[in-house]
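Dropping data_25.txt in here (compact mmCIF, C-alpha atoms and all ligand atoms):
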# COMPACT_ATOMS: atom_id res chain seq x y z
CA MET A 91 99.40 126.83 145.33
CA ALA A 92 96.68 125.59 147.64
CA LYS A 93 94.23 127.03 145.14
CA MET A 94 95.74 124.83 142.49
CA ALA A 95 94.64 121.54 144.08
CA ALA A 96 91.18 123.04 144.63
CA SER A 97 90.79 124.19 141.04
CA ILE A 98 91.84 120.78 139.80
CA VAL A 99 89.06 119.24 141.84
CA GLU A 100 86.46 121.58 140.37
CA HIS A 101 87.27 121.06 136.72
CA GLY A 102 85.27 117.95 135.88
CA GLU A 103 86.95 115.85 133.25
CA ASP A 104 89.16 113.16 134.74
CA ALA A 105 89.60 115.20 137.88
CA LEU A 106 90.95 112.31 139.95
CA ARG A 107 93.72 111.61 137.45
CA LYS A 108 94.73 115.27 137.52
CA LEU A 109 94.77 115.23 141.29
CA PHE A 110 96.85 112.05 141.18
CA LYS A 111 99.41 113.73 138.93
CA PHE A 112 99.40 116.84 141.08
CA TYR A 113 100.38 114.91 144.21
CA LYS A 114 102.77 112.58 142.42
CA ARG A 115 104.83 115.39 140.92
CA ARG A 116 108.49 115.53 141.99
CA ASN A 117 109.70 118.78 140.52
CA PRO A 118 108.62 121.09 142.01
CA PRO A 119 106.99 119.09 144.82
CA PRO A 120 103.29 119.80 145.41
CA ASN A 121 101.79 121.88 148.16
CA PHE A 122 100.13 119.61 150.71
CA SER A 123 97.94 122.25 152.36
CA ASP A 124 94.71 120.81 150.88
CA VAL A 125 95.45 117.31 152.16
CA ILE A 126 93.12 116.44 155.05
CA ASP A 127 95.00 115.41 158.18
CA PHE A 128 92.70 113.40 160.44
CA SER A 129 95.29 113.47 163.22
CA LYS A 130 94.29 117.13 163.62
CA GLY A 131 90.69 116.11 164.41
CA LEU A 132 87.73 118.15 163.21
CA ARG A 133 89.80 121.13 162.09
CA ASN A 134 88.80 120.63 158.44
CA GLU A 135 85.21 121.54 157.54
CA LYS A 136 84.79 118.33 155.50
CA VAL A 137 85.63 116.15 158.49
CA VAL A 138 82.84 114.92 160.79
CA SER A 139 82.85 112.58 163.79
CA ALA A 140 81.93 108.95 163.13
CA GLU A 141 79.84 106.92 165.55
CA LEU A 142 81.37 103.58 166.48
CA SER A 143 79.92 100.70 168.52
CA PRO A 144 82.00 100.93 171.73
CA THR A 145 80.45 97.81 173.25
CA ALA A 146 81.04 95.60 170.19
CA VAL A 147 84.58 94.87 171.40
CA SER A 148 85.34 94.40 175.11
CA ASP A 149 88.19 96.45 176.55
CA ASN A 150 90.02 93.21 177.27
CA ASP A 151 89.69 91.93 173.67
CA ALA A 152 90.86 95.30 172.39
CA HIS A 153 93.81 95.26 174.80
CA ILE A 154 94.83 91.76 173.79
CA ALA A 155 94.75 92.82 170.14
CA GLY A 156 97.00 95.80 170.92
CA LEU A 157 94.19 98.33 170.55
CA GLN A 158 92.93 101.14 172.80
CA PRO A 159 89.40 100.65 174.19
CA VAL A 160 86.98 101.50 171.35
CA ARG A 161 85.50 104.46 173.27
CA GLU A 162 88.93 106.12 173.10
CA TRP A 163 89.25 105.81 169.33
CA HIS A 164 89.14 108.95 167.21
CA ALA A 165 86.92 107.99 164.29
CA PHE A 166 85.93 110.33 161.52
CA GLY A 167 83.77 110.47 158.43
CA LEU A 168 83.97 112.72 155.41
CA LYS A 169 81.09 114.85 154.16
CA GLY A 170 79.85 113.41 150.87
CA TYR A 171 81.30 109.94 151.54
CA PRO A 172 78.79 107.92 153.56
CA GLY A 173 80.23 104.59 154.72
CA PHE A 174 83.80 105.88 154.77
CA ILE A 175 85.37 105.69 158.25
CA PHE A 176 88.84 106.90 159.18
CA ILE A 177 90.24 105.78 162.55
CA SER A 178 93.24 107.82 163.59
CA ASN A 179 95.81 105.41 165.08
CA PRO A 180 93.81 103.39 167.65
CA PHE A 181 96.80 101.18 168.52
CA LEU A 182 98.23 100.92 172.03
CA PRO A 183 101.72 102.35 172.46
CA GLY A 184 104.26 99.81 171.24
CA SER A 185 101.88 97.47 169.43
CA GLN A 186 102.44 98.75 165.89
CA ARG A 187 105.90 97.19 165.86
CA HIS A 188 104.30 93.75 165.87
CA TRP A 189 102.45 94.45 162.59
CA VAL A 190 105.53 95.88 160.91
CA ARG A 191 107.51 92.76 161.85
CA GLN A 192 104.68 90.48 160.65
CA CYS A 193 104.58 92.29 157.29
CA LEU A 194 108.34 92.12 156.79
CA LYS A 195 109.35 88.84 158.41
CA VAL A 196 106.32 86.56 158.76
CA TYR A 197 103.63 87.23 156.14
CA PRO A 198 106.00 87.07 153.12
CA GLN A 199 106.75 83.43 154.04
CA LYS A 200 105.13 80.46 152.33
CA PRO A 201 102.37 79.47 151.87
CA ASN A 202 101.60 83.15 151.29
CA VAL A 203 102.34 84.51 147.82
CA CYS A 204 104.53 87.49 146.94
CA ASN A 205 105.46 89.38 143.77
CA MET A 206 108.81 87.59 143.49
CA ASP A 207 107.08 84.19 143.24
CA MET A 208 105.92 85.26 139.79
CA HIS A 209 109.41 85.05 138.33
CA MET A 210 111.64 83.36 140.90
CA SER A 211 111.84 79.80 142.19
CA GLU A 212 110.80 78.87 145.70
CA THR A 213 114.40 78.26 146.75
CA GLU A 214 115.26 81.79 145.69
CA THR A 215 112.39 83.45 147.54
CA GLU A 216 112.34 81.34 150.70
CA HIS A 217 114.00 82.70 153.84
CA LEU A 218 113.59 86.20 152.44
CA TRP A 219 114.08 87.75 155.89
CA GLU A 220 117.15 85.68 156.77
CA LYS A 221 118.73 86.45 153.41
CA SER A 222 118.14 90.19 153.83
CA ALA A 223 118.56 90.92 157.54
CA ASP A 224 122.36 91.24 157.83
CA LEU A 225 122.63 93.20 154.59
CA MET A 226 119.87 95.55 155.76
CA ARG A 227 121.58 96.20 159.08
CA THR A 228 124.82 97.31 157.46
CA LYS A 229 123.27 99.14 154.55
CA SER A 230 123.93 102.82 154.14
CA PHE A 231 121.25 104.47 152.07
CA GLY A 232 122.39 106.79 149.40
CA LYS A 233 125.13 104.39 148.38
CA ARG A 234 124.57 102.23 145.32
CA GLU A 235 124.24 98.84 146.92
CA PRO A 236 122.32 95.91 145.45
CA LYS A 237 118.76 95.62 146.71
CA THR A 238 117.99 92.91 149.24
CA LEU A 239 115.03 90.58 148.66
CA LEU A 240 113.20 92.48 151.39
CA GLU A 241 113.59 95.70 149.44
CA LYS A 242 112.31 93.98 146.29
CA LEU A 243 109.11 92.97 148.03
CA ARG A 244 106.12 94.78 146.48
CA TRP A 245 103.07 92.76 147.46
CA VAL A 246 102.01 89.72 149.44
CA THR A 247 98.62 88.01 149.24
CA LEU A 248 96.95 86.12 152.10
CA GLY A 249 93.96 83.78 152.38
CA TYR A 250 92.21 83.66 149.02
CA HIS A 251 95.11 84.73 146.84
CA TYR A 252 94.16 87.42 144.40
CA ASN A 253 94.94 86.46 140.83
CA TRP A 254 96.31 89.60 139.16
CA ASP A 255 95.75 88.29 135.64
CA THR A 256 92.15 87.10 135.88
CA LYS A 257 91.32 89.65 138.60
CA THR A 258 89.50 87.01 140.57
CA TYR A 259 89.80 84.94 143.72
CA SER A 260 89.14 81.21 143.57
CA ALA A 261 88.38 78.32 145.90
CA GLU A 262 91.44 76.46 144.57
CA HIS A 263 94.00 79.07 145.53
CA HIS A 264 93.52 79.49 149.23
CA THR A 265 95.80 79.16 152.28
CA PRO A 266 95.00 79.85 155.94
CA PHE A 267 94.51 83.52 156.74
CA PRO A 268 96.88 84.69 159.55
CA ALA A 269 95.07 84.35 162.89
CA ASP A 270 96.40 87.59 164.40
CA LEU A 271 95.34 89.73 161.46
CA HIS A 272 92.00 87.93 161.37
CA THR A 273 91.32 88.91 164.99
CA LEU A 274 92.49 92.50 164.55
CA SER A 275 90.22 92.84 161.50
CA ARG A 276 87.24 91.29 163.29
CA HIS A 277 87.52 93.80 166.14
CA VAL A 278 87.91 96.81 163.85
CA ALA A 279 84.98 95.71 161.66
CA ALA A 280 82.80 95.05 164.74
CA ALA A 281 83.57 98.49 166.16
CA CYS A 282 82.48 99.95 162.82
CA GLY A 283 79.16 98.11 162.88
CA PHE A 284 80.08 94.93 160.99
CA PRO A 285 80.13 92.19 163.63
CA ALA A 286 79.82 89.38 161.05
CA PHE A 287 82.91 90.37 159.06
CA THR A 288 85.33 87.54 158.25
CA ALA A 289 88.82 88.29 156.96
CA GLU A 290 89.26 86.02 153.95
CA ALA A 291 91.76 87.76 151.69
CA GLY A 292 94.59 90.17 152.28
CA ILE A 293 96.71 92.22 149.94
CA LEU A 294 99.79 93.80 151.51
CA ASN A 295 101.49 96.60 149.62
CA TYR A 296 105.07 97.70 150.22
CA TYR A 297 105.90 101.26 149.20
CA HIS A 298 109.21 103.08 148.96
CA SER A 299 109.74 106.81 148.72
CA ASP A 300 108.88 107.03 145.02
CA SER A 301 106.19 104.32 144.84
CA SER A 302 102.56 104.99 144.09
CA LEU A 303 99.40 102.96 143.56
CA GLY A 304 97.24 103.73 140.53
CA ILE A 305 93.56 104.66 140.50
CA HIS A 306 91.39 101.58 140.98
CA VAL A 307 88.29 100.08 142.58
CA ASP A 308 88.37 96.88 144.65
CA GLU A 309 85.46 95.04 143.16
CA SER A 310 86.70 91.45 142.79
CA GLU A 311 85.23 90.42 146.13
CA LEU A 312 81.83 88.80 145.62
CA ASP A 313 79.99 90.44 148.53
CA HIS A 314 80.26 94.22 148.41
CA THR A 315 78.08 94.65 151.49
CA ARG A 316 81.16 93.66 153.51
CA PRO A 317 83.62 96.47 154.28
CA LEU A 318 87.20 96.74 153.11
CA LEU A 319 89.72 97.47 155.87
CA SER A 320 93.05 99.18 155.32
CA PHE A 321 95.89 99.44 157.86
CA SER A 322 98.96 101.65 157.35
CA PHE A 323 102.36 101.51 159.01
CA GLY A 324 105.57 103.41 158.56
CA GLN A 325 105.94 106.52 156.45
CA SER A 326 102.88 108.62 155.69
CA ALA A 327 101.10 108.61 152.36
CA VAL A 328 98.69 110.81 150.47
CA PHE A 329 95.55 108.78 149.77
CA LEU A 330 92.97 109.92 147.20
CA LEU A 331 89.33 109.00 147.53
CA GLY A 332 87.26 109.51 144.39
CA GLY A 333 83.73 108.73 143.28
CA THR A 334 81.91 105.86 141.65
CA ARG A 335 83.14 106.97 138.21
CA ARG A 336 86.77 107.31 137.26
CA GLU A 337 86.29 110.95 136.21
CA ASP A 338 84.63 112.03 139.49
CA PRO A 339 86.63 114.49 141.62
CA GLY A 340 88.48 113.31 144.70
CA THR A 341 89.57 114.19 148.20
CA ALA A 342 93.18 113.92 149.38
CA MET A 343 94.05 112.79 152.90
CA PHE A 344 97.13 111.69 154.81
CA MET A 345 97.46 108.16 156.13
CA HIS A 346 99.93 108.05 158.99
CA SER A 347 101.41 105.08 160.81
CA GLY A 348 98.67 103.21 162.67
CA ASP A 349 95.76 104.79 160.80
CA ILE A 350 92.89 102.54 159.73
CA MET A 351 90.47 103.20 156.91
CA VAL A 352 87.17 101.41 156.41
CA MET A 353 85.38 101.57 153.08
CA SER A 354 81.81 100.35 153.47
CA GLY A 355 78.28 100.92 152.18
CA PRO A 356 78.17 103.56 149.42
CA SER A 357 81.94 104.08 149.79
CA ARG A 358 82.89 100.41 149.31
CA LEU A 359 83.28 100.72 145.53
CA LEU A 360 84.77 104.19 145.21
CA TYR A 361 87.83 104.83 143.08
CA HIS A 362 90.97 105.46 145.09
CA ALA A 363 94.73 105.71 144.72
CA VAL A 364 97.98 106.46 146.55
CA PRO A 365 99.92 109.05 144.53
CA ARG A 366 102.67 109.70 147.03
CA ILE A 367 104.67 108.57 150.01
CA VAL A 368 105.63 111.48 152.26
CA PRO A 369 108.78 110.58 154.20
CA ALA A 370 109.26 112.19 157.57
CA PRO A 371 111.54 115.22 157.64
CA ALA A 372 115.24 114.56 158.23
CA GLY A 373 115.96 113.86 161.89
CA VAL A 374 112.61 112.08 162.43
CA PRO A 375 113.47 108.78 160.77
CA VAL A 376 110.86 106.61 162.45
CA PRO A 377 107.23 107.69 162.89
CA LEU A 378 106.56 108.44 166.56
CA PRO A 379 104.23 105.50 167.27
CA LEU A 380 107.02 103.12 166.24
CA LEU A 381 109.67 104.66 168.49
CA GLN A 382 108.53 102.70 171.46
CA GLY A 383 108.22 98.95 172.10
CA LEU A 384 105.52 97.21 174.15
CA ASP A 385 105.23 97.71 177.92
CA GLU A 386 106.67 95.05 180.18
CA GLY A 387 103.19 94.47 181.54
CA HIS A 388 101.58 93.50 178.26
CA PRO A 389 99.38 90.41 178.84
CA GLN A 390 100.85 86.98 178.13
CA GLU A 391 97.85 85.95 176.03
CA SER A 392 98.35 89.00 173.83
CA LEU A 393 98.02 88.69 170.09
CA VAL A 394 100.79 91.21 169.58
CA HIS A 395 104.25 90.20 170.63
CA TRP A 396 107.39 91.95 171.72
CA VAL A 397 109.70 92.48 168.76
CA GLU A 398 113.29 91.52 169.63
CA GLU A 399 115.85 94.33 169.21
CA GLU A 400 117.67 92.26 166.61
CA ASP A 401 114.56 92.14 164.41
CA TRP A 402 113.52 95.69 165.16
CA GLU A 403 116.88 96.97 163.94
CA VAL A 404 116.08 95.58 160.48
CA CYS A 405 112.49 96.83 160.58
CA THR A 406 113.63 100.37 161.52
CA LYS A 407 116.09 100.44 158.67
CA TYR A 408 113.34 99.40 156.28
CA ILE A 409 110.58 101.63 157.61
CA GLN A 410 112.76 104.77 157.60
CA MET A 411 112.01 105.08 153.91
CA SER A 412 109.00 102.86 153.44
CA ARG A 413 105.34 102.33 154.09
CA VAL A 414 103.45 99.08 154.48
CA ASN A 415 99.72 98.83 153.91
CA MET A 416 97.54 95.82 154.69
CA THR A 417 94.11 95.64 153.07
CA VAL A 418 91.74 93.01 154.41
CA ARG A 419 88.69 91.82 152.54
CA GLN A 420 85.80 89.42 152.94
CA VAL A 421 85.42 87.72 149.59
CA LEU A 422 82.23 85.66 149.99
CA GLY A 423 79.01 86.52 151.75
CA SER A 424 77.59 84.03 154.24
CA GLY A 425 76.52 80.90 152.39
CA GLN A 426 77.99 82.23 149.14
CA ALA A 427 80.25 80.11 146.91
CA PHE A 428 82.50 80.95 143.97
CA PRO A 429 80.67 80.81 140.63
CA PRO A 430 81.88 78.30 138.04
CA VAL A 431 85.05 79.53 136.31
CA GLU A 432 83.21 80.03 132.98
CA THR A 433 80.75 82.51 134.50
CA GLN A 434 83.62 84.43 136.08
CA ARG A 435 85.29 84.89 132.70
CA ARG A 436 82.11 86.21 131.16
CA THR A 437 81.62 88.69 133.99
CA LEU A 438 85.20 89.84 133.59
CA SER A 439 85.02 90.51 129.90
CA THR A 440 82.11 92.88 130.49
CA THR A 441 83.91 94.71 133.28
CA LYS A 442 85.42 97.87 131.93
CA GLU A 443 87.75 98.80 134.71
CA THR A 444 90.57 96.58 135.80
CA TYR A 445 91.96 96.24 139.28
CA HIS A 446 95.06 98.26 139.94
CA GLU A 447 95.20 99.36 136.38
CA ALA A 448 97.48 102.28 135.74
CA SER A 449 97.33 104.47 132.71
CA PRO A 450 100.81 104.89 131.21
CA GLU A 451 101.14 108.58 131.99
CA GLU A 452 100.65 107.86 135.67
CA GLY A 453 104.11 106.37 135.59
CA GLU A 454 105.78 104.09 138.06
CA GLU A 455 102.99 102.54 139.99
CA PHE A 456 102.25 99.15 141.37
CA TYR A 457 100.81 96.55 139.07
CA PRO A 458 100.75 98.29 135.72
CA LYS A 459 99.28 95.91 133.15
CA LYS A 460 101.43 92.87 132.43
CA THR A 461 104.50 94.14 134.28
CA ARG A 462 103.25 93.87 137.84
CA THR A 463 104.78 90.41 138.23
CA SER A 464 108.29 91.74 138.09
CA THR A 465 110.36 94.09 140.15
CA ASP A 466 111.69 95.80 137.06
CA SER A 467 111.54 99.49 136.18
CA SER A 468 107.76 99.73 136.39
CA LEU A 469 107.97 98.99 140.09
CA LYS A 470 111.29 100.60 140.66
CA SER A 471 111.95 102.47 143.81
C1 LIG B 501 94.72 98.33 147.82
C2 LIG B 501 94.81 99.76 148.22
C3 LIG B 501 95.77 101.51 149.49
C4 LIG B 501 96.92 101.87 150.36
O1 LIG B 501 95.63 97.56 148.17
O2 LIG B 501 93.73 97.96 147.19
O3 LIG B 501 93.99 100.51 147.76
O4 LIG B 501 96.73 102.75 151.19
N1 LIG B 501 95.77 100.18 149.06
O5 LIG B 501 98.00 101.31 150.19
MN MN B 502 92.32 99.48 146.86
So that I can check it, write out the structure of this file as structure tokens.
Amino acid sequence: MAKMAASIVEHGEDALRKLFKFYKRRNPPPNFSDVIDFSKGLRNEKVVSAELSPTAVSDNDAHIAGLQPVREWHAFGLKGYPGFIFISNPFLPGSQRHWVRQCLKVYPQKPNVCNMDMHMSETETEHLWEKSADLMRTKSFGKREPKTLLEKLRWVTLGYHYNWDTKTYSAEHHTPFPADLHTLSRHVAAACGFPAFTAEAGILNYYHSDSSLGIHVDESELDHTRPLLSFSFGQSAVFLLGGTRREDPGTAMFMHSGDIMVMSGPSRLLYHAVPRIVPAPAGVPVPLPLLQGLDEGHPQESLVHWVEEEDWEVCTKYIQMSRVNMTVRQVLGSGQAFPPVETQRRTLSTTKETYHEASPEEGEEFYPKKTRTSTDSSLKS
């Protein structure tokens, strides 16, 4: 079986799509032995160590942001993918809970935008957390119970709000970027050699056990010299990293809770996808790094806050089956401005690939053309 994934990679034509289908398959489930697991260090011959800038972030700044000192981080690269950096869970014990709570309770709130805003009124989508919390606490999975708003959440946009139809960002549609995520992103980018990075746009993706994200490139940002940061929490996923062309072969890797991925330089515009969520085996409902809350002694001025048991109860219930991913982007280079709308349209019409496009045979992914605004069958979980 392990050979199978390898032979798919070798056979040229549309290799990434074949790999996507291989890992997405339900019956029989795929063999995961070719999936690189960075939590196992340099065990895989394709994995190399990545050099970070340990002095770019002071230990105190890292601590306040809920991160280990940078010199303690386990950062890796992948042979053949210059500019790709994988940081294996650099978070301090307990601090991941803060980000899970932000993604479920805080970031979906106005003025941020979520998938349900596309077809529901503001009165229906507001207080999403309050409307879902009690129902989530008493929910027994496996039973056919109506989905809470929280479970219908598929994406949230922050800062410059990505327009899924025009595939652009614009000066007109902007709200303040969350300060805590801005700081976290600044530290991670600085440690990776990008001290001038500014978090300007965020796309949060919410995955359930049968969700996937189609093959795409993130190219709508105007300055591709700035890295793209990706933070994962909750259940693990298989992530596929491809080449600069859709048909190039790819490499599969696990993203576990707390892992951070940085796509920069020659890897900034590579095709990628998430074919599968890999829930923990029965009896291990919550990924280990989420089992524990913050220490009593965590500094007052900390960016990450203690999550009250009442809230954590809801988060645990959610995260038992789900994964949350935050991608953070800088949209404009320094001194850069958005081009006039007319120019943007012209550029778009000559762009062959579309963001988050999914070919029909890839099935139930996020954002398939035209249907991504709804929580209907195309996004079903
Ligand atoms: C994205 C993306 C990957 C992930 O949002 O553009 O590629 O791991 N997300 O969820
Ligand atoms: Mn992406």
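A distance cut-off of 8 Å from ligand LIG 501 (chain B), applied to only C-alpha atoms and all ligand atoms, picks out the residues Ile293, Leu294, Asn295, Tyr296, Tyr297, Leu303, His306, Val307, Asp308, Ser320, Phe321, Ser322, Ala327, Phe329, Met345, His362, Ala363, Val364, Val414, Asn415, Met416, Thr417 and His446 of chain A.
The coordinates place CA of Leu318 in chain A at 18.6 Å from CA of Gly340 in chain A.
Between ligand MN 502 (chain B) and the residues A:Phe428, A:Leu319, A:Ile367, A:Pro285, the shortest atom-to-atom distance, using all atoms listed in the file, involves A:Leu319.
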Taking all atoms of range 373-381 of chain A that the file lists and extending 5 Å past them on each side, where is the centre of the axis-aligned box and how long are its edges? Answer in Å to one decimal, as JSON.
{"center_x": 110.1, "center_y": 108.5, "center_z": 164.6, "size_x": 21.7, "size_y": 20.7, "size_z": 17.7}
Identify the residues within 9 Å of coordinate (85.2, 113.4, 160.5) (same frame as the file), considering all atoms listed in the file, and give the answer as a ChimeraX atom specification.
/A:128,131-132,134-140,164-169,175-176
Since the input is missing atoms for range 162-194 of chain A, could you rebuild it with N, CA and C atoms and give the result as a compact mmCIF listing (two decimals), keeping the file's coordinate frame?
# COMPACT_ATOMS: atom_id res chain seq x y z
N GLU A 162 87.83 105.16 173.20
CA GLU A 162 88.93 106.12 173.10
C GLU A 162 89.33 106.41 171.65
N TRP A 163 88.83 105.63 170.72
CA TRP A 163 89.25 105.81 169.33
C TRP A 163 88.75 107.14 168.77
N HIS A 164 89.56 107.74 167.91
CA HIS A 164 89.14 108.95 167.21
C HIS A 164 88.74 108.54 165.81
N ALA A 165 87.42 108.45 165.59
CA ALA A 165 86.92 107.99 164.29
C ALA A 165 86.20 109.12 163.58
N PHE A 166 86.47 109.22 162.30
CA PHE A 166 85.93 110.33 161.52
C PHE A 166 85.24 109.84 160.25
N GLY A 167 84.36 110.70 159.75
CA GLY A 167 83.77 110.47 158.43
C GLY A 167 84.11 111.68 157.58
N LEU A 168 83.72 111.62 156.33
CA LEU A 168 83.97 112.72 155.41
C LEU A 168 82.64 113.11 154.77
N LYS A 169 82.33 114.40 154.80
CA LYS A 169 81.09 114.85 154.16
C LYS A 169 81.07 114.41 152.70
N GLY A 170 79.98 113.84 152.27
CA GLY A 170 79.85 113.41 150.87
C GLY A 170 80.31 111.99 150.63
N TYR A 171 80.83 111.31 151.70
CA TYR A 171 81.30 109.94 151.54
C TYR A 171 80.69 109.02 152.60
N PRO A 172 79.37 108.80 152.54
CA PRO A 172 78.79 107.92 153.56
C PRO A 172 79.41 106.52 153.51
N GLY A 173 79.65 105.94 154.67
CA GLY A 173 80.23 104.59 154.72
C GLY A 173 81.75 104.60 154.79
N PHE A 174 82.34 105.77 154.66
CA PHE A 174 83.80 105.88 154.77
C PHE A 174 84.14 106.24 156.22
N ILE A 175 84.98 105.45 156.84
CA ILE A 175 85.37 105.69 158.25
C ILE A 175 86.89 105.74 158.34
N PHE A 176 87.40 106.77 158.99
CA PHE A 176 88.84 106.90 159.18
C PHE A 176 89.12 106.86 160.68
N ILE A 177 89.90 105.88 161.13
CA ILE A 177 90.24 105.78 162.55
C ILE A 177 91.70 106.19 162.70
N SER A 178 91.90 107.28 163.44
CA SER A 178 93.24 107.82 163.59
C SER A 178 94.00 107.02 164.66
N ASN A 179 94.97 106.25 164.21
CA ASN A 179 95.81 105.41 165.08
C ASN A 179 95.19 104.95 166.41
N PRO A 180 94.40 103.89 166.40
CA PRO A 180 93.81 103.39 167.65
C PRO A 180 94.70 102.38 168.38
N PHE A 181 95.94 102.21 167.92
CA PHE A 181 96.80 101.18 168.52
C PHE A 181 97.36 101.62 169.86
N LEU A 182 97.59 100.65 170.75
CA LEU A 182 98.23 100.92 172.03
C LEU A 182 99.70 101.23 171.79
N PRO A 183 100.31 102.06 172.65
CA PRO A 183 101.72 102.35 172.46
C PRO A 183 102.52 101.05 172.34
N GLY A 184 103.38 100.98 171.37
CA GLY A 184 104.26 99.81 171.24
C GLY A 184 103.73 98.71 170.33
N SER A 185 102.41 98.65 170.13
CA SER A 185 101.88 97.47 169.43
C SER A 185 102.03 97.52 167.91
N GLN A 186 102.27 98.68 167.35
CA GLN A 186 102.44 98.75 165.89
C GLN A 186 103.66 97.98 165.39
N ARG A 187 104.67 97.90 166.27
CA ARG A 187 105.90 97.19 165.86
C ARG A 187 105.61 95.75 165.47
N HIS A 188 104.67 95.14 166.18
CA HIS A 188 104.30 93.75 165.87
C HIS A 188 103.85 93.62 164.40
N TRP A 189 103.00 94.56 163.94
CA TRP A 189 102.45 94.45 162.59
C TRP A 189 103.51 94.71 161.53
N VAL A 190 104.44 95.61 161.86
CA VAL A 190 105.53 95.88 160.91
C VAL A 190 106.38 94.61 160.76
N ARG A 191 106.72 93.98 161.90
CA ARG A 191 107.51 92.76 161.85
C ARG A 191 106.76 91.66 161.09
N GLN A 192 105.45 91.50 161.36
CA GLN A 192 104.68 90.48 160.65
C GLN A 192 104.75 90.72 159.13
N CYS A 193 104.58 91.96 158.73
CA CYS A 193 104.58 92.29 157.29
C CYS A 193 105.93 92.05 156.63
N LEU A 194 107.01 92.24 157.40
CA LEU A 194 108.34 92.12 156.79
C LEU A 194 108.94 90.73 156.98
